[in-house]
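A.B. asks: Attaching a single structure in C-alpha coordinates format; questions to follow.
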Number of protein chains: 2
Amino acid sequence: MTAECTETEIPPWEAEIIDLFVGIFDGFGLPKSTAMIYGTLYCAEDGMLQEEIAHRLQISAGSASQGLKMLQTLGAVKRQSPIGQRHSYYSAERSMRRLMGNVVESQLQPKLRSGKERLQELAAAIPAEESLARQRIQTLQTWQRKVERGMPLLSKIFSTGGGKSK
Amino acid sequence: MTAECTETEIPPWEAEIIDLFVGIFDGFGLPKSTAMIYGTLYCAEDGMLQEEIAHRLQISAGSASQGLKMLQTLGAVKRQSPIGQRHSYYSAERSMRRLMGNVVESQLQPKLRSGKERLQELAAAIPAEESLARQRIQTLQTWQRKVERGMPLLSKIFSTGGGKSK
DNA sequence: CACTCGTTTCAAAAATTTTTGAAATAAGGT
DNA sequence: ACCTTATTTCAAAAATTTTTGAAACGAGTG
(Lines give C-alpha, C1' and ligand atoms only; values in the text may rest on other atoms or scores of the structure.)
Protein backbone atom coordinates (compact mmCIF):
# COMPACT_ATOMS: atom_id res chain seq x y z
CA MET A 1 0.00 0.00 0.00
CA THR A 2 2.98 2.24 -0.54
CA ALA A 3 2.03 5.32 -2.50
CA GLU A 4 5.32 5.61 -4.39
CA CYS A 5 8.58 3.78 -4.35
CA THR A 6 11.85 5.59 -4.22
CA GLU A 7 13.84 2.41 -4.24
CA THR A 8 15.49 2.82 -7.60
CA GLU A 9 16.46 6.45 -7.79
CA ILE A 10 19.12 7.35 -10.30
CA PRO A 11 22.16 9.09 -8.83
CA PRO A 12 23.39 12.26 -10.56
CA TRP A 13 26.56 10.74 -11.94
CA GLU A 14 24.52 8.04 -13.60
CA ALA A 15 22.01 10.52 -14.97
CA GLU A 16 24.93 12.41 -16.46
CA ILE A 17 26.38 9.34 -18.10
CA ILE A 18 22.99 8.36 -19.44
CA ASP A 19 22.66 11.82 -20.90
CA LEU A 20 26.07 11.47 -22.47
CA PHE A 21 24.94 8.32 -24.17
CA VAL A 22 21.76 9.96 -25.33
CA GLY A 23 23.93 12.48 -27.13
CA ILE A 24 26.18 9.85 -28.67
CA PHE A 25 23.34 7.60 -29.76
CA ASP A 26 21.54 10.57 -31.17
CA GLY A 27 24.51 11.10 -33.44
CA PHE A 28 23.80 7.64 -34.79
CA GLY A 29 20.11 8.37 -35.15
CA LEU A 30 19.06 6.04 -32.34
CA PRO A 31 16.09 6.83 -30.08
CA LYS A 32 16.54 8.45 -26.72
CA SER A 33 14.91 5.63 -24.83
CA THR A 34 17.28 3.15 -26.39
CA ALA A 35 20.26 5.28 -25.45
CA MET A 36 18.97 5.56 -21.91
CA ILE A 37 18.64 1.83 -21.61
CA TYR A 38 22.20 1.37 -22.76
CA GLY A 39 23.40 4.06 -20.38
CA THR A 40 21.63 2.43 -17.48
CA LEU A 41 23.08 -0.97 -18.24
CA TYR A 42 26.46 0.57 -18.85
CA CYS A 43 26.46 1.99 -15.34
CA ALA A 44 24.90 -0.97 -13.63
CA GLU A 45 26.91 -3.13 -11.31
CA ASP A 46 25.18 -6.33 -12.44
CA GLY A 47 22.69 -7.51 -15.00
CA MET A 48 19.22 -5.99 -14.80
CA LEU A 49 15.72 -7.17 -15.53
CA GLN A 50 13.78 -5.49 -18.29
CA GLU A 51 11.17 -4.53 -15.77
CA GLU A 52 13.71 -2.87 -13.50
CA ILE A 53 15.08 -0.86 -16.37
CA ALA A 54 11.68 0.30 -17.54
CA HIS A 55 10.67 1.30 -14.04
CA ARG A 56 13.92 3.06 -13.31
CA LEU A 57 13.81 5.11 -16.52
CA GLN A 58 10.08 5.58 -16.36
CA ILE A 59 9.47 4.26 -19.82
CA SER A 60 6.82 1.80 -20.91
CA ALA A 61 7.36 -1.92 -21.05
CA GLY A 62 6.95 -1.69 -24.82
CA SER A 63 9.76 0.81 -25.16
CA ALA A 64 12.01 -1.27 -22.98
CA SER A 65 11.28 -4.36 -25.01
CA GLN A 66 11.92 -2.66 -28.31
CA GLY A 67 14.99 -0.83 -27.12
CA LEU A 68 16.53 -3.96 -25.70
CA LYS A 69 15.84 -5.84 -28.87
CA MET A 70 17.54 -3.16 -30.92
CA LEU A 71 20.51 -3.04 -28.59
CA GLN A 72 20.87 -6.77 -28.85
CA THR A 73 20.85 -6.79 -32.62
CA LEU A 74 23.43 -4.04 -32.48
CA GLY A 75 25.49 -6.22 -30.21
CA ALA A 76 25.55 -3.56 -27.51
CA VAL A 77 23.65 -5.56 -24.93
CA LYS A 78 23.75 -9.20 -23.99
CA ARG A 79 20.95 -11.27 -22.54
CA GLN A 80 21.42 -14.00 -20.00
CA SER A 81 18.56 -16.36 -19.39
CA PRO A 82 19.00 -18.45 -16.27
CA ILE A 83 17.35 -21.82 -16.85
CA GLY A 84 14.04 -22.29 -15.14
CA GLN A 85 13.35 -18.63 -14.58
CA ARG A 86 10.85 -16.67 -16.51
CA HIS A 87 12.90 -13.54 -16.85
CA SER A 88 16.28 -12.66 -18.35
CA TYR A 89 19.08 -10.43 -17.23
CA TYR A 90 20.51 -7.84 -19.53
CA SER A 91 23.96 -6.33 -19.40
CA ALA A 92 25.86 -3.83 -21.49
CA GLU A 93 28.82 -4.65 -23.65
CA ARG A 94 31.46 -2.46 -22.03
CA SER A 95 34.39 -3.42 -24.17
CA MET A 96 34.76 -0.75 -26.80
CA ARG A 97 36.59 -3.20 -29.02
CA ARG A 98 33.75 -5.66 -29.04
CA LEU A 99 31.06 -3.01 -29.11
CA MET A 100 32.55 -1.40 -32.20
CA GLY A 101 33.20 -4.76 -33.77
CA ASN A 102 29.60 -5.78 -33.27
CA VAL A 103 28.16 -2.57 -34.62
CA VAL A 104 30.42 -2.57 -37.64
CA GLU A 105 29.58 -6.15 -38.38
CA SER A 106 25.83 -5.85 -37.88
CA GLN A 107 25.32 -2.42 -39.47
CA LEU A 108 28.16 -1.13 -41.59
CA GLN A 109 29.22 -4.31 -43.31
CA PRO A 110 25.76 -5.13 -44.68
CA LYS A 111 25.30 -1.60 -45.99
CA LEU A 112 28.70 -1.64 -47.59
CA ARG A 113 28.00 -4.92 -49.29
CA SER A 114 24.69 -3.81 -50.72
CA GLY A 115 26.19 -0.52 -51.84
CA LYS A 116 28.95 -2.40 -53.59
CA GLU A 117 26.46 -4.53 -55.44
CA ARG A 118 24.38 -1.60 -56.50
CA LEU A 119 27.42 0.13 -57.87
CA GLN A 120 28.48 -2.95 -59.78
CA GLU A 121 25.07 -3.35 -61.35
CA LEU A 122 24.98 0.31 -62.15
CA ALA A 123 28.41 0.25 -63.76
CA ALA A 124 27.47 -2.75 -65.83
CA ALA A 125 24.44 -0.95 -67.22
CA ILE A 126 26.25 2.13 -68.52
CA PRO A 127 27.57 2.12 -72.09
CA ALA A 128 31.17 3.21 -72.59
CA GLU A 129 30.23 6.43 -74.34
CA GLU A 130 28.46 7.81 -71.27
CA SER A 131 31.74 9.14 -70.00
CA LEU A 132 30.44 11.38 -67.24
CA ALA A 133 28.32 8.62 -65.76
CA ARG A 134 31.18 6.15 -65.92
CA GLN A 135 33.49 8.67 -64.33
CA ARG A 136 31.18 9.33 -61.42
CA ILE A 137 30.43 5.70 -60.79
CA GLN A 138 34.09 4.86 -60.90
CA THR A 139 34.88 7.45 -58.28
CA LEU A 140 32.21 6.02 -56.03
CA GLN A 141 33.69 2.60 -56.46
CA THR A 142 37.02 3.98 -55.37
CA TRP A 143 35.34 5.37 -52.25
CA GLN A 144 33.77 2.01 -51.65
CA ARG A 145 37.11 0.26 -51.88
CA LYS A 146 38.77 2.72 -49.56
CA VAL A 147 36.19 2.17 -46.87
CA GLU A 148 36.37 -1.58 -47.39
CA ARG A 149 40.13 -1.52 -46.99
CA GLY A 150 40.02 0.86 -44.06
CA MET A 151 37.67 -1.31 -42.05
CA PRO A 152 40.27 -3.68 -40.63
CA LEU A 153 42.40 -0.76 -39.52
CA LEU A 154 39.41 0.67 -37.73
CA SER A 155 39.04 -2.33 -35.52
CA LYS A 156 42.77 -2.21 -34.85
CA ILE A 157 42.44 1.30 -33.51
CA PHE A 158 40.11 0.25 -30.76
CA SER A 159 41.75 -3.01 -29.88
CA THR A 160 44.50 -2.31 -27.39
CA GLY A 161 45.24 0.97 -25.73
CA GLY A 162 44.74 3.22 -28.70
CA GLY A 163 48.02 2.65 -30.50
CA LYS A 164 51.15 4.33 -29.21
CA SER A 165 50.84 5.08 -25.52
CA LYS A 166 53.25 6.88 -23.11
CA MET B 1 2.73 28.33 -72.97
CA THR B 2 4.43 24.99 -72.47
CA ALA B 3 2.45 22.84 -70.09
CA GLU B 4 5.51 21.17 -68.61
CA CYS B 5 9.21 21.43 -69.10
CA THR B 6 11.26 18.34 -69.64
CA GLU B 7 14.48 20.28 -69.98
CA THR B 8 16.16 19.02 -66.85
CA GLU B 9 15.18 15.42 -66.61
CA ILE B 10 17.29 13.23 -64.41
CA PRO B 11 18.80 10.22 -66.18
CA PRO B 12 18.41 6.82 -64.52
CA TRP B 13 22.06 6.45 -63.58
CA GLU B 14 21.92 9.77 -61.77
CA ALA B 15 18.69 8.89 -60.02
CA GLU B 16 20.34 5.71 -58.83
CA ILE B 17 23.37 7.53 -57.47
CA ILE B 18 21.16 10.08 -55.78
CA ASP B 19 19.25 7.26 -54.17
CA LEU B 20 22.51 5.73 -53.03
CA PHE B 21 23.41 8.96 -51.30
CA VAL B 22 19.98 9.17 -49.72
CA GLY B 23 20.74 5.83 -48.10
CA ILE B 24 24.18 6.86 -46.93
CA PHE B 25 23.07 10.22 -45.61
CA ASP B 26 20.17 8.57 -43.87
CA GLY B 27 22.68 6.51 -41.94
CA PHE B 28 24.04 9.79 -40.65
CA GLY B 29 20.58 11.07 -39.83
CA LEU B 30 20.56 13.68 -42.58
CA PRO B 31 17.37 14.62 -44.45
CA LYS B 32 16.52 13.11 -47.77
CA SER B 33 16.36 16.43 -49.56
CA THR B 34 19.85 17.27 -48.38
CA ALA B 35 21.16 13.94 -49.59
CA MET B 36 19.49 14.48 -52.93
CA ILE B 37 21.12 17.84 -53.33
CA TYR B 38 24.50 16.36 -52.62
CA GLY B 39 23.84 13.50 -55.03
CA THR B 40 22.85 15.90 -57.75
CA LEU B 41 25.92 18.03 -57.31
CA TYR B 42 28.05 14.96 -57.05
CA CYS B 43 26.89 13.83 -60.48
CA ALA B 44 26.92 17.23 -62.10
CA GLU B 45 29.47 18.10 -64.73
CA ASP B 46 29.80 21.68 -63.52
CA GLY B 47 28.60 23.89 -60.74
CA MET B 48 24.86 24.42 -60.44
CA LEU B 49 22.58 27.21 -59.35
CA GLN B 50 20.40 26.70 -56.32
CA GLU B 51 17.39 27.31 -58.49
CA GLU B 52 18.41 24.65 -60.98
CA ILE B 53 18.87 22.14 -58.20
CA ALA B 54 15.53 22.88 -56.60
CA HIS B 55 13.75 22.68 -59.91
CA ARG B 56 15.49 19.49 -60.96
CA LEU B 57 14.72 17.73 -57.69
CA GLN B 58 11.29 19.25 -57.39
CA ILE B 59 11.89 20.58 -53.93
CA SER B 60 11.04 24.01 -52.63
CA ALA B 61 13.44 26.93 -52.67
CA GLY B 62 13.42 26.82 -48.89
CA SER B 63 14.56 23.21 -48.79
CA ALA B 64 17.26 23.90 -51.30
CA SER B 65 18.50 26.84 -49.32
CA GLN B 66 18.56 24.95 -46.04
CA GLY B 67 20.06 21.83 -47.52
CA LEU B 68 22.82 23.74 -49.24
CA LYS B 69 23.59 25.62 -46.07
CA MET B 70 23.88 22.37 -44.14
CA LEU B 71 26.07 20.80 -46.81
CA GLN B 72 28.33 23.80 -46.73
CA THR B 73 28.78 23.72 -42.97
CA LEU B 74 29.52 20.02 -43.33
CA GLY B 75 32.11 20.90 -45.91
CA ALA B 76 30.46 18.66 -48.48
CA VAL B 77 29.60 21.45 -50.88
CA LYS B 78 31.44 24.54 -51.97
CA ARG B 79 29.99 27.77 -53.18
CA GLN B 80 31.52 29.92 -55.87
CA SER B 81 30.27 33.45 -56.26
CA PRO B 82 31.37 35.05 -59.49
CA ILE B 83 31.77 38.77 -58.88
CA GLY B 84 29.06 40.94 -60.30
CA GLN B 85 26.49 38.20 -60.56
CA ARG B 86 23.57 37.79 -58.27
CA HIS B 87 23.73 34.05 -58.02
CA SER B 88 26.28 31.53 -56.85
CA TYR B 89 27.33 28.19 -58.20
CA TYR B 90 27.46 25.18 -55.98
CA SER B 91 29.58 22.10 -56.46
CA ALA B 92 30.15 18.92 -54.50
CA GLU B 93 33.35 18.02 -52.74
CA ARG B 94 34.25 14.84 -54.59
CA SER B 95 37.51 14.09 -52.84
CA MET B 96 36.75 11.54 -50.19
CA ARG B 97 39.82 12.61 -48.28
CA ARG B 98 38.68 16.19 -48.00
CA LEU B 99 35.05 15.31 -47.52
CA MET B 100 35.84 13.07 -44.59
CA GLY B 101 38.33 15.52 -43.20
CA ASN B 102 35.75 18.29 -43.30
CA VAL B 103 33.01 16.25 -41.70
CA VAL B 104 35.29 14.99 -38.96
CA GLU B 105 36.53 18.47 -38.26
CA SER B 106 33.15 20.16 -38.29
CA GLN B 107 31.11 17.46 -36.56
CA LEU B 108 33.10 14.82 -34.74
CA GLN B 109 35.84 16.93 -33.25
CA PRO B 110 33.50 19.38 -31.49
CA LYS B 111 31.43 16.55 -30.03
CA LEU B 112 34.52 14.76 -28.85
CA ARG B 113 35.83 17.86 -27.18
CA SER B 114 32.61 18.59 -25.34
CA GLY B 115 32.29 14.98 -24.30
CA LYS B 116 35.80 15.06 -22.94
CA GLU B 117 35.02 18.12 -20.88
CA ARG B 118 31.85 16.66 -19.49
CA LEU B 119 33.71 13.55 -18.43
CA GLN B 120 36.42 15.55 -16.75
CA GLU B 121 33.93 17.62 -14.80
CA LEU B 122 32.05 14.51 -13.89
CA ALA B 123 35.16 12.72 -12.72
CA ALA B 124 36.18 15.70 -10.63
CA ALA B 125 32.84 15.68 -8.85
CA ILE B 126 32.92 12.08 -7.68
CA PRO B 127 34.47 11.28 -4.28
CA ALA B 128 37.00 8.45 -4.19
CA GLU B 129 34.76 6.13 -2.25
CA GLU B 130 32.17 5.98 -5.04
CA SER B 131 34.11 3.19 -6.63
CA LEU B 132 31.52 2.05 -9.15
CA ALA B 133 30.99 5.55 -10.45
CA ARG B 134 34.72 6.18 -10.72
CA GLN B 135 35.17 2.87 -12.48
CA ARG B 136 32.53 3.62 -15.07
CA ILE B 137 33.70 7.13 -15.73
CA GLN B 138 37.25 5.95 -16.07
CA THR B 139 36.27 3.41 -18.68
CA LEU B 140 34.49 6.10 -20.64
CA GLN B 141 37.58 8.25 -20.50
CA THR B 142 39.54 5.37 -21.94
CA TRP B 143 37.04 5.19 -24.79
CA GLN B 144 37.36 8.87 -25.31
CA ARG B 145 41.14 8.62 -25.53
CA LYS B 146 41.00 5.75 -27.95
CA VAL B 147 38.78 7.65 -30.32
CA GLU B 148 40.94 10.74 -29.97
CA ARG B 149 44.05 8.75 -30.79
CA GLY B 150 42.37 6.89 -33.61
CA MET B 151 41.29 10.02 -35.42
CA PRO B 152 44.56 10.75 -37.21
CA LEU B 153 44.69 7.17 -38.45
CA LEU B 154 41.24 7.56 -39.83
CA SER B 155 42.19 10.41 -42.08
CA LYS B 156 45.22 8.42 -43.18
CA ILE B 157 42.97 5.61 -44.35
CA PHE B 158 41.22 7.79 -46.86
CA SER B 159 44.20 9.77 -48.04
CA THR B 160 45.90 7.80 -50.78
CA GLY B 161 44.55 4.70 -52.47
CA GLY B 162 43.27 2.86 -49.44
CA GLY B 163 46.59 1.63 -48.07
CA LYS B 164 48.29 -1.38 -49.61
CA SER B 165 47.22 -1.81 -53.18
CA LYS B 166 49.41 -4.62 -54.62
C1' DC C 1 -4.82 -27.55 -16.86
C1' DA C 2 -5.71 -23.20 -15.35
C1' DC C 3 -3.06 -19.40 -13.31
C1' DT C 4 0.44 -15.90 -12.92
C1' DC C 5 3.49 -12.68 -14.37
C1' DG C 6 7.01 -11.04 -17.43
C1' DT C 7 7.55 -10.12 -22.28
C1' DT C 8 6.24 -9.07 -27.04
C1' DT C 9 3.45 -6.95 -30.49
C1' DC C 10 1.14 -3.46 -32.67
C1' DA C 11 -2.17 0.21 -33.55
C1' DA C 12 -2.95 4.69 -31.95
C1' DA C 13 -1.07 8.94 -29.76
C1' DA C 14 2.67 12.00 -29.02
C1' DA C 15 6.82 14.04 -30.23
C1' DT C 16 10.04 15.30 -33.48
C1' DT C 17 11.83 16.38 -37.86
C1' DT C 18 11.43 17.85 -42.55
C1' DT C 19 9.29 20.36 -46.15
C1' DT C 20 6.69 23.88 -47.89
C1' DG C 21 5.06 28.50 -49.08
C1' DA C 22 5.11 33.08 -48.55
C1' DA C 23 6.98 37.23 -46.83
C1' DA C 24 11.34 39.60 -45.94
C1' DT C 25 15.88 40.45 -47.51
C1' DA C 26 19.69 41.37 -50.56
C1' DA C 27 22.02 42.67 -54.60
C1' DG C 28 22.43 43.63 -59.55
C1' DG C 29 20.62 46.16 -63.28
C1' DT C 30 18.34 50.37 -65.43
C1' DA D 1 15.98 55.46 -56.66
C1' DC D 2 13.32 51.75 -58.37
C1' DC D 3 12.56 47.43 -60.49
C1' DT D 4 13.78 42.61 -60.90
C1' DT D 5 15.18 38.31 -59.48
C1' DA D 6 17.82 35.05 -56.40
C1' DT D 7 18.11 33.77 -51.75
C1' DT D 8 16.95 33.44 -46.86
C1' DT D 9 13.93 32.95 -43.07
C1' DC D 10 10.40 31.11 -40.52
C1' DA D 11 5.79 29.69 -39.13
C1' DA D 12 2.62 26.30 -40.45
C1' DA D 13 1.75 21.79 -42.71
C1' DA D 14 3.22 17.27 -43.76
C1' DA D 15 5.80 13.32 -42.97
C1' DT D 16 8.25 10.46 -40.08
C1' DT D 17 9.72 8.44 -35.90
C1' DT D 18 9.17 7.24 -31.15
C1' DT D 19 6.46 6.08 -27.25
C1' DT D 20 2.65 4.37 -25.12
C1' DG D 21 -0.99 1.21 -23.61
C1' DA D 22 -3.49 -2.66 -24.03
C1' DA D 23 -4.20 -7.11 -25.80
C1' DA D 24 -1.95 -11.47 -27.11
C1' DC D 25 1.51 -14.53 -25.96
C1' DG D 26 4.39 -17.90 -23.50
C1' DA D 27 6.81 -20.18 -20.09
C1' DG D 28 7.10 -21.77 -15.43
C1' DT D 29 3.96 -23.04 -11.30
C1' DG D 30 0.57 -24.98 -8.25
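Residues are referred to by chain and number: the chain letter is A, B, ... according to the order shown in the C-alpha coordinates, the number counts from 1 in that chain, and ligands are numbered separately from 1 in the order shown.
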Can you work out which residues from chain D touch chain B at a cut-off of 12 Å (counting only C-alpha atoms (C1' of nucleotides)) and hand them back as a ChimeraX atom specification?
C.D. replies: /D:4-10,15-17
A.B. asks: Write a file of the selected residues as an mmCIF file, in the first residue's frame, keeping N, CA and C atoms (P, O5', C5', C4', C3', O3' and C1' of nucleotides).
C.D. replies:
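As a result, again-v3.cif now contains:
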data_model
loop_
_atom_site.group_PDB
_atom_site.id
_atom_site.type_symbol
_atom_site.label_atom_id
_atom_site.label_comp_id
_atom_site.auth_asym_id
_atom_site.auth_seq_id
_atom_site.Cartn_x
_atom_site.Cartn_y
_atom_site.Cartn_z
ATOM 1 P P DT D 4 9.736 45.288 -62.859
ATOM 2 O "O5'" DT D 4 10.854 44.198 -63.065
ATOM 3 C "C5'" DT D 4 12.200 44.587 -63.350
ATOM 4 C "C4'" DT D 4 13.126 43.429 -62.987
ATOM 5 C "C3'" DT D 4 12.428 42.086 -62.770
ATOM 6 O "O3'" DT D 4 13.121 41.111 -63.510
ATOM 7 C "C1'" DT D 4 13.782 42.611 -60.900
ATOM 8 P P DT D 5 12.556 39.620 -63.683
ATOM 9 O "O5'" DT D 5 13.534 38.738 -62.785
ATOM 10 C "C5'" DT D 5 14.953 38.910 -62.929
ATOM 11 C "C4'" DT D 5 15.657 38.269 -61.751
ATOM 12 C "C3'" DT D 5 15.096 36.906 -61.334
ATOM 13 O "O3'" DT D 5 16.181 36.075 -61.017
ATOM 14 C "C1'" DT D 5 15.176 38.305 -59.480
ATOM 15 P P DA D 6 16.039 34.526 -60.889
ATOM 16 O "O5'" DA D 6 17.032 34.212 -59.687
ATOM 17 C "C5'" DA D 6 18.408 34.580 -59.790
ATOM 18 C "C4'" DA D 6 18.974 34.580 -58.379
ATOM 19 C "C3'" DA D 6 18.761 33.264 -57.648
ATOM 20 O "O3'" DA D 6 19.978 32.894 -57.022
ATOM 21 C "C1'" DA D 6 17.816 35.049 -56.397
ATOM 22 P P DT D 7 20.069 31.589 -56.170
ATOM 23 O "O5'" DT D 7 19.793 32.101 -54.695
ATOM 24 C "C5'" DT D 7 20.653 33.098 -54.146
ATOM 25 C "C4'" DT D 7 20.127 33.511 -52.795
ATOM 26 C "C3'" DT D 7 20.013 32.383 -51.778
ATOM 27 O "O3'" DT D 7 20.866 32.736 -50.701
ATOM 28 C "C1'" DT D 7 18.106 33.767 -51.750
ATOM 29 P P DT D 8 21.118 31.712 -49.548
ATOM 30 O "O5'" DT D 8 20.129 32.268 -48.423
ATOM 31 C "C5'" DT D 8 20.345 33.571 -47.909
ATOM 32 C "C4'" DT D 8 19.213 33.931 -46.967
ATOM 33 C "C3'" DT D 8 19.023 32.961 -45.805
ATOM 34 O "O3'" DT D 8 19.121 33.740 -44.621
ATOM 35 C "C1'" DT D 8 16.949 33.441 -46.857
ATOM 36 P P DT D 9 19.242 33.011 -43.202
ATOM 37 O "O5'" DT D 9 17.813 33.273 -42.553
ATOM 38 C "C5'" DT D 9 17.101 34.446 -42.945
ATOM 39 C "C4'" DT D 9 15.672 34.386 -42.470
ATOM 40 C "C3'" DT D 9 15.378 33.478 -41.275
ATOM 41 O "O3'" DT D 9 14.562 34.218 -40.409
ATOM 42 C "C1'" DT D 9 13.929 32.952 -43.072
ATOM 43 P P DC D 10 14.391 33.889 -38.871
ATOM 44 O "O5'" DC D 10 12.921 33.323 -38.810
ATOM 45 C "C5'" DC D 10 11.834 34.078 -39.384
ATOM 46 C "C4'" DC D 10 10.622 33.189 -39.504
ATOM 47 C "C3'" DC D 10 10.535 32.094 -38.419
ATOM 48 O "O3'" DC D 10 9.175 31.937 -38.063
ATOM 49 C "C1'" DC D 10 10.397 31.115 -40.517
ATOM 50 P P DA D 15 2.298 14.491 -46.646
ATOM 51 O "O5'" DA D 15 3.564 13.989 -45.818
ATOM 52 C "C5'" DA D 15 4.867 14.456 -46.167
ATOM 53 C "C4'" DA D 15 5.866 13.792 -45.255
ATOM 54 C "C3'" DA D 15 5.664 12.282 -45.114
ATOM 55 O "O3'" DA D 15 6.912 11.680 -45.398
ATOM 56 C "C1'" DA D 15 5.805 13.324 -42.973
ATOM 57 P P DT D 16 7.135 10.124 -45.288
ATOM 58 O "O5'" DT D 16 7.823 10.018 -43.860
ATOM 59 C "C5'" DT D 16 8.899 10.892 -43.542
ATOM 60 C "C4'" DT D 16 9.314 10.651 -42.113
ATOM 61 C "C3'" DT D 16 9.363 9.171 -41.726
ATOM 62 O "O3'" DT D 16 10.687 8.887 -41.327
ATOM 63 C "C1'" DT D 16 8.247 10.465 -40.076
ATOM 64 P P DT D 17 11.101 7.454 -40.763
ATOM 65 O "O5'" DT D 17 11.090 7.739 -39.194
ATOM 66 C "C5'" DT D 17 11.758 8.897 -38.702
ATOM 67 C "C4'" DT D 17 11.569 8.968 -37.210
ATOM 68 C "C3'" DT D 17 11.865 7.658 -36.476
ATOM 69 O "O3'" DT D 17 12.689 8.007 -35.370
ATOM 70 C "C1'" DT D 17 9.719 8.442 -35.895
#
A.B. asks: Distance cut-off 7 Å, counting only C-alpha atoms - which residues of chain A neighbour chain B? Return them as JSON, numbers by chain.
C.D. replies: {"A": [13, 28, 29, 43, 96, 122, 133, 136, 143, 146, 149, 150, 157, 158, 161, 162]}
A.B. asks: Output as a PyMOL selection string the set of chain C residues within 10 Å of chain B, with distances taken over only C-alpha atoms (C1' of nucleotides).
C.D. replies: chain C and resi 17-21+26-28
A.B. asks: Can you work out which one of A:Ile10, A:Ala92, A:Arg98, A:Pro152 has the shortest atom-to-atom distance to Asp46 (chain A), counting only C-alpha atoms?
C.D. replies: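 Ranking A:Ile10, A:Ala92, A:Arg98, A:Pro152 by distance to Asp46 (chain A), first place goes to A:Ala92.
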A.B. asks: Using only C-alpha atoms (C1' of nucleotides), which protein or nucleic acid residues come within 12 Å of DC10 (chain C)? Drop anything in the same chain fewer than 2 positions from it, and give the result as a list in words.
C.D. replies: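 So, after excluding close chain neighbours, the residues are Gly62 and Gln66 of chain A; DT8 and DA12 of chain C; DT20, DG21, DA22, DA23 and DA24 of chain D.
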A.B. asks: Any chance you can output those residues with N, CA and C atoms (P, O5', C5', C4', C3', O3' and C1' of nucleotides) as a PDB file, in the first residue's frame?
C.D. replies:
ATOM      1  N   GLY A  62       6.765  -1.563 -23.377  1.00  0.00           N
ATOM      2  CA  GLY A  62       6.953  -1.691 -24.819  1.00  0.00           C
ATOM      3  C   GLY A  62       8.258  -1.067 -25.287  1.00  0.00           C
ATOM      4  N   GLN A  66      11.390  -3.031 -27.006  1.00  0.00           N
ATOM      5  CA  GLN A  66      11.920  -2.664 -28.313  1.00  0.00           C
ATOM      6  C   GLN A  66      13.376  -2.197 -28.239  1.00  0.00           C
TER       7      GLN A  66
ATOM      8  P    DT C   8      10.933  -9.845 -24.850  1.00  0.00           P
ATOM      9  O5'  DT C   8       9.682  -9.756 -25.834  1.00  0.00           O
ATOM     10  C5'  DT C   8       9.166 -10.973 -26.378  1.00  0.00           C
ATOM     11  C4'  DT C   8       7.920 -10.664 -27.175  1.00  0.00           C
ATOM     12  C3'  DT C   8       8.132  -9.685 -28.332  1.00  0.00           C
ATOM     13  O3'  DT C   8       7.670 -10.349 -29.501  1.00  0.00           O
ATOM     14  C1'  DT C   8       6.236  -9.074 -27.036  1.00  0.00           C
ATOM     15  P    DA C  12      -5.543   1.923 -35.214  1.00  0.00           P
ATOM     16  O5'  DA C  12      -5.310   3.009 -34.075  1.00  0.00           O
ATOM     17  C5'  DA C  12      -5.706   2.704 -32.738  1.00  0.00           C
ATOM     18  C4'  DA C  12      -5.068   3.722 -31.822  1.00  0.00           C
ATOM     19  C3'  DA C  12      -5.236   5.168 -32.285  1.00  0.00           C
ATOM     20  O3'  DA C  12      -5.586   5.939 -31.152  1.00  0.00           O
ATOM     21  C1'  DA C  12      -2.946   4.690 -31.946  1.00  0.00           C
TER      22       DA C  12
ATOM     23  P    DT D  20       7.156   6.094 -23.010  1.00  0.00           P
ATOM     24  O5'  DT D  20       5.635   5.718 -23.272  1.00  0.00           O
ATOM     25  C5'  DT D  20       4.715   6.777 -23.504  1.00  0.00           C
ATOM     26  C4'  DT D  20       3.367   6.221 -23.914  1.00  0.00           C
ATOM     27  C3'  DT D  20       2.737   5.251 -22.911  1.00  0.00           C
ATOM     28  O3'  DT D  20       1.467   5.779 -22.577  1.00  0.00           O
ATOM     29  C1'  DT D  20       2.646   4.369 -25.117  1.00  0.00           C
ATOM     30  P    DG D  21       0.760   5.320 -21.203  1.00  0.00           P
ATOM     31  O5'  DG D  21      -0.263   4.223 -21.701  1.00  0.00           O
ATOM     32  C5'  DG D  21      -1.173   4.555 -22.744  1.00  0.00           C
ATOM     33  C4'  DG D  21      -1.925   3.321 -23.163  1.00  0.00           C
ATOM     34  C3'  DG D  21      -2.278   2.364 -22.014  1.00  0.00           C
ATOM     35  O3'  DG D  21      -3.553   1.832 -22.320  1.00  0.00           O
ATOM     36  C1'  DG D  21      -0.994   1.213 -23.606  1.00  0.00           C
ATOM     37  P    DA D  22      -4.420   1.093 -21.215  1.00  0.00           P
ATOM     38  O5'  DA D  22      -5.224   0.056 -22.093  1.00  0.00           O
ATOM     39  C5'  DA D  22      -5.322   0.237 -23.523  1.00  0.00           C
ATOM     40  C4'  DA D  22      -5.212  -1.107 -24.197  1.00  0.00           C
ATOM     41  C3'  DA D  22      -5.652  -2.279 -23.317  1.00  0.00           C
ATOM     42  O3'  DA D  22      -6.242  -3.246 -24.159  1.00  0.00           O
ATOM     43  C1'  DA D  22      -3.492  -2.658 -24.032  1.00  0.00           C
ATOM     44  P    DA D  23      -7.245  -4.347 -23.520  1.00  0.00           P
ATOM     45  O5'  DA D  23      -7.237  -5.453 -24.651  1.00  0.00           O
ATOM     46  C5'  DA D  23      -7.026  -5.076 -26.014  1.00  0.00           C
ATOM     47  C4'  DA D  23      -6.125  -6.099 -26.672  1.00  0.00           C
ATOM     48  C3'  DA D  23      -6.450  -7.534 -26.282  1.00  0.00           C
ATOM     49  O3'  DA D  23      -6.325  -8.343 -27.441  1.00  0.00           O
ATOM     50  C1'  DA D  23      -4.200  -7.112 -25.797  1.00  0.00           C
ATOM     51  P    DA D  24      -6.686  -9.854 -27.414  1.00  0.00           P
ATOM     52  O5'  DA D  24      -5.273 -10.517 -27.719  1.00  0.00           O
ATOM     53  C5'  DA D  24      -4.613 -10.210 -28.952  1.00  0.00           C
ATOM     54  C4'  DA D  24      -3.286 -10.933 -28.954  1.00  0.00           C
ATOM     55  C3'  DA D  24      -3.397 -12.440 -28.715  1.00  0.00           C
ATOM     56  O3'  DA D  24      -2.503 -13.067 -29.615  1.00  0.00           O
ATOM     57  C1'  DA D  24      -1.948 -11.474 -27.108  1.00  0.00           C
TER      58       DA D  24
END
